[in-house]
Amino acid sequence: MDRLLFGDNQFFGVNHMSEEKARAQAIQFHAVEAIIEVLDIAYDAGIRTFMCTTHERIAEVCDHVRSHPERYEGFTFYPCMPYAHKYANAVTEQGMLGALRQFMPDDGFMNAALRGGKALASKDIEGIVTLLVDAEMKMFAGLSTPVIFLQNVVVDLLLGLGFDEAFAIFSSHVRSRYNAEPGFITMNLPMLLDALDRVGEENPIVCSNINKLGFRVSGGIDAYELALTERRFRPIAMSVYASGAIAPREALEWLHSLPADPAIVFGASTAGHIRGTVQLVEQIWGEPVAALSPVAG
């Protein structure tokens with residue numbers, strides 16, 4: 001896993017501090033060409049990993065990368081699923097069968113449909129989980145996806161329900177079908193680590209808010225620092241700047257001081273912010289941003 005990963009919140013109007021900025025970014029990146037332009041800046045700055053949702057426009061990005069393999073040599077995607085709004089919109093517009101046809105892999109629609117029907121009829125959770133993963137992964141066919149993440153909206157719901165086995169089902173399917181490692185995004189790092197321990201997930205990849213202020217850190221910064229010190233897992237830090245409340249150098253130097261030495265995912269929409277982040281990370285860690293994180297690698 002690279003030291004620095006590029007996220008996609010800025011492309012789809014997600015900003016945790018400013019709704020006005022979020023709306024402006026949603027307008028700015030309405031066309032996929034604007035997204036690709038920023039990804040090109042990140043790639044040319046040395047970033048090789050795009051940690052992204054499965055938004056409809058990401059499918060267009062995937063098409064572009066597939067069409068230009070020489071331009072994106074070594075480029076990898078870390079898909080994060082599910083993207084719930086996509087399913088709701090598709091069912092509304094096309095009906096249930098039409099939505100299945102849109103999202104299922106082309107070579108296995110009938111099998112997927114039958115599997116989904118059986119799963120729903122028998123409440124077979126494993127069938128439902130694997131069906132949804134396959135649906136989300138359709139857009140990434142032929143691309144490098146070494147890590148596949150379960151989004152926090154599902155992870156934290158499963159934590160609340162106490163349904164730990166679902167994490168093992170997701171993990172097993174990702175490993176066997178896609179030869180990838182499972183990743184988990186959460187707003188409660190200590191609780192998730194306990195659940196993953198219970199189902200035997202060793203040294204898991206976990207992405208969570210990790211920042212000096214404890215911004216959007218469920219369970220408190222002390223519990224997080226304890227987990228980062230004593231637990232064996234591969235951390236990815238998001239919201240490292242606390243949505244702009246912490247100066248970049250201060251935020252990154254604090255991360256560098258942590259014993260767990262996490263990888264970092266960040267989002268930016270301008271060349272200056274992207275290049276500035278890359279420069280800071282390379283200064284503080286003393287290595288290229290595509291260098292492997294010792295713990296997360």
# chains A, B, ... in the order shown; residues from 1 in each chain; ligands from 1
call {"tool": "residues_around", "arguments": {"residues": "stretch 167-178 of chain A", "least_positions_apart": "3", "cutoff": "9 Å", "atoms": "only C-alpha atoms", "output": "list in words"}}
result
Ile125, Glu126, Val129, Thr130, Val133, Asp134, Thr145, Pro146, Val147, Ile148, Leu150, Val155, Leu158, Phe163, Asp164, Glu181, Pro182, Gly183, Phe184, Ala195, Leu196, Val199, Gly200 and Glu201 of chain A
call {"tool": "select_by_dssp", "arguments": {"residues": "stretch 114-273 of chain A", "states": "helix (DSSP H, G or I)", "output": "PyMOL selection string"}}
result
chain A and resi 114-122+125-140+152-161+165-178+189-198+221-230+248-257+271-273
call {"tool": "atom_distance", "arguments": {"atom1": "atom CA of A:Ile284", "atom2": "atom CA of A:His256"}}
result
7.4 Å
call {"tool": "atom_distance", "arguments": {"atom1": "atom CA of A:Phe11", "atom2": "atom CA of A:His30"}}
result
8.1 Å
call {"tool": "closest_residue", "arguments": {"among": "A:Leu143, A:Cys207, A:Leu131, A:Ile47", "to": "A:Gln279", "atoms": "only C-alpha atoms"}}
result
A:Ile47
call {"tool": "atom_distance", "arguments": {"atom1": "atom CA of A:Gly214", "atom2": "atom CA of A:Thr49"}}
result
25.8 Å
call {"tool": "select_by_dssp", "arguments": {"residues": "stretch 152-266 of chain A", "states": "strand (DSSP E or B)", "output": "ChimeraX atom specification"}}
result
/A:181-186,205-209,234-238,263-266
call {"tool": "closest_residue", "arguments": {"among": "A:Ile128, A:Ala290, A:Ala180, A:Gly7", "to": "A:Phe75", "atoms": "only C-alpha atoms"}}
result
A:Ala290
call {"tool": "closest_residue", "arguments": {"among": "A:Gly162, A:Pro248, A:Gly220, A:Pro204", "to": "A:Ile236", "atoms": "only C-alpha atoms"}}
result
A:Pro204
call {"tool": "closest_residue", "arguments": {"among": "A:Leu4, A:Met139, A:Leu255, A:Met238", "to": "A:Ala59", "atoms": "only C-alpha atoms"}}
result
A:Met139
call {"tool": "residues_around", "arguments": {"residues": "A:Gly74", "least_positions_apart": "2", "cutoff": "8 Å", "atoms": "only C-alpha atoms", "output": "list in words"}}
result
Arg48, Tyr72 and Thr76 of chain A
call {"tool": "residues_around", "arguments": {"residues": "stretch 266-273 of chain A", "least_positions_apart": "3", "cutoff": "9 Å", "atoms": "only C-alpha atoms", "output": "list in words"}}
result
Leu4, Leu5, Phe6, Gly7, Asp8, Asn9, Gln10, Phe11, Gln25, Ile35, Val38, Ile41, Ala42, Ala237, Met238, Ser239, Val240, Tyr241, Gly276, Thr277 and Val278 of chain A
call {"tool": "decode", "arguments": {"residues": "stretch 213-226 of chain A", "atoms": "all heavy atoms", "output": "tab-separated table (two decimals), in the first residue's frame"}}
result
chain	number	residue	atom	x	y	z
A	213	LEU	N	-7.15	16.56	16.31
A	213	LEU	CA	-8.25	17.17	17.07
A	213	LEU	C	-9.33	16.17	17.48
A	213	LEU	O	-10.24	16.52	18.23
A	213	LEU	CB	-8.90	18.29	16.24
A	213	LEU	CG	-8.04	19.51	15.93
A	213	LEU	CD1	-8.86	20.54	15.15
A	213	LEU	CD2	-7.47	20.13	17.19
A	214	GLY	N	-9.25	14.95	16.99
A	214	GLY	CA	-10.32	13.99	17.26
A	214	GLY	C	-11.59	14.31	16.51
A	214	GLY	O	-12.69	13.92	16.93
A	215	PHE	N	-11.47	14.99	15.37
A	215	PHE	CA	-12.62	15.38	14.55
A	215	PHE	C	-13.30	14.15	13.96
A	215	PHE	O	-12.68	13.36	13.28
A	215	PHE	CB	-12.14	16.32	13.44
A	215	PHE	CG	-13.19	16.69	12.42
A	215	PHE	CD1	-14.24	17.52	12.76
A	215	PHE	CD2	-13.11	16.22	11.12
A	215	PHE	CE1	-15.20	17.88	11.82
A	215	PHE	CE2	-14.06	16.55	10.17
A	215	PHE	CZ	-15.10	17.39	10.52
A	216	ARG	N	-14.59	13.97	14.27
A	216	ARG	CA	-15.40	12.84	13.79
A	216	ARG	C	-14.77	11.51	14.15
A	216	ARG	O	-14.78	10.56	13.36
A	216	ARG	CB	-15.65	12.95	12.28
A	216	ARG	CG	-16.36	14.22	11.87
A	216	ARG	CD	-16.65	14.27	10.39
A	216	ARG	NE	-17.81	13.43	10.07
A	216	ARG	CZ	-17.86	12.60	9.04
A	216	ARG	NH1	-16.82	12.45	8.25
A	216	ARG	NH2	-18.94	11.90	8.79
A	217	VAL	N	-14.23	11.44	15.35
A	217	VAL	CA	-13.60	10.22	15.86
A	217	VAL	C	-14.50	9.64	16.94
A	217	VAL	O	-14.53	10.14	18.07
A	217	VAL	CB	-12.19	10.53	16.42
A	217	VAL	CG1	-11.65	9.33	17.18
A	217	VAL	CG2	-11.24	10.92	15.29
A	218	SER	N	-15.25	8.60	16.60
A	218	SER	CA	-16.16	7.99	17.57
A	218	SER	C	-15.37	7.12	18.54
A	218	SER	O	-14.61	6.26	18.12
A	218	SER	CB	-17.21	7.15	16.85
A	218	SER	OG	-18.00	7.94	16.01
A	219	GLY	N	-15.59	7.34	19.83
A	219	GLY	CA	-14.86	6.60	20.85
A	219	GLY	C	-13.77	7.43	21.50
A	219	GLY	O	-13.25	7.05	22.55
A	220	GLY	N	-13.43	8.56	20.87
A	220	GLY	CA	-12.45	9.46	21.48
A	220	GLY	C	-11.03	9.23	20.99
A	220	GLY	O	-10.64	8.12	20.66
A	221	ILE	N	-10.26	10.30	20.95
A	221	ILE	CA	-8.89	10.24	20.42
A	221	ILE	C	-8.00	9.35	21.27
A	221	ILE	O	-7.08	8.70	20.76
A	221	ILE	CB	-8.31	11.67	20.29
A	221	ILE	CG1	-6.96	11.64	19.53
A	221	ILE	CG2	-8.16	12.33	21.64
A	221	ILE	CD1	-7.08	11.15	18.11
A	222	ASP	N	-8.24	9.29	22.58
A	222	ASP	CA	-7.41	8.45	23.45
A	222	ASP	C	-7.55	6.97	23.07
A	222	ASP	O	-6.56	6.24	23.02
A	222	ASP	CB	-7.79	8.64	24.92
A	222	ASP	CG	-7.38	10.01	25.44
A	222	ASP	OD1	-6.53	10.66	24.80
A	222	ASP	OD2	-7.93	10.44	26.48
A	223	ALA	N	-8.78	6.53	22.78
A	223	ALA	CA	-9.01	5.14	22.38
A	223	ALA	C	-8.35	4.85	21.04
A	223	ALA	O	-7.82	3.75	20.82
A	223	ALA	CB	-10.51	4.85	22.32
A	224	TYR	N	-8.36	5.84	20.18
A	224	TYR	CA	-7.72	5.67	18.87
A	224	TYR	C	-6.20	5.56	19.03
A	224	TYR	O	-5.55	4.70	18.40
A	224	TYR	CB	-8.07	6.84	17.95
A	224	TYR	CG	-9.34	6.64	17.17
A	224	TYR	CD1	-10.54	6.36	17.82
A	224	TYR	CD2	-9.36	6.73	15.79
A	224	TYR	CE1	-11.72	6.19	17.12
A	224	TYR	CE2	-10.52	6.55	15.07
A	224	TYR	CZ	-11.71	6.28	15.74
A	224	TYR	OH	-12.87	6.09	15.03
A	225	GLU	N	-5.63	6.43	19.82
A	225	GLU	CA	-4.18	6.39	20.01
A	225	GLU	C	-3.76	5.07	20.66
A	225	GLU	O	-2.71	4.51	20.30
A	225	GLU	CB	-3.72	7.58	20.84
A	225	GLU	CG	-3.83	8.91	20.10
A	225	GLU	CD	-3.24	10.07	20.89
A	225	GLU	OE1	-3.04	9.93	22.11
A	225	GLU	OE2	-2.98	11.12	20.27
A	226	LEU	N	-4.59	4.56	21.55
A	226	LEU	CA	-4.29	3.26	22.17
A	226	LEU	C	-4.33	2.15	21.12
A	226	LEU	O	-3.45	1.28	21.09
A	226	LEU	CB	-5.29	2.97	23.29
A	226	LEU	CG	-5.02	1.71	24.12
A	226	LEU	CD1	-3.72	1.83	24.88
A	226	LEU	CD2	-6.18	1.46	25.09
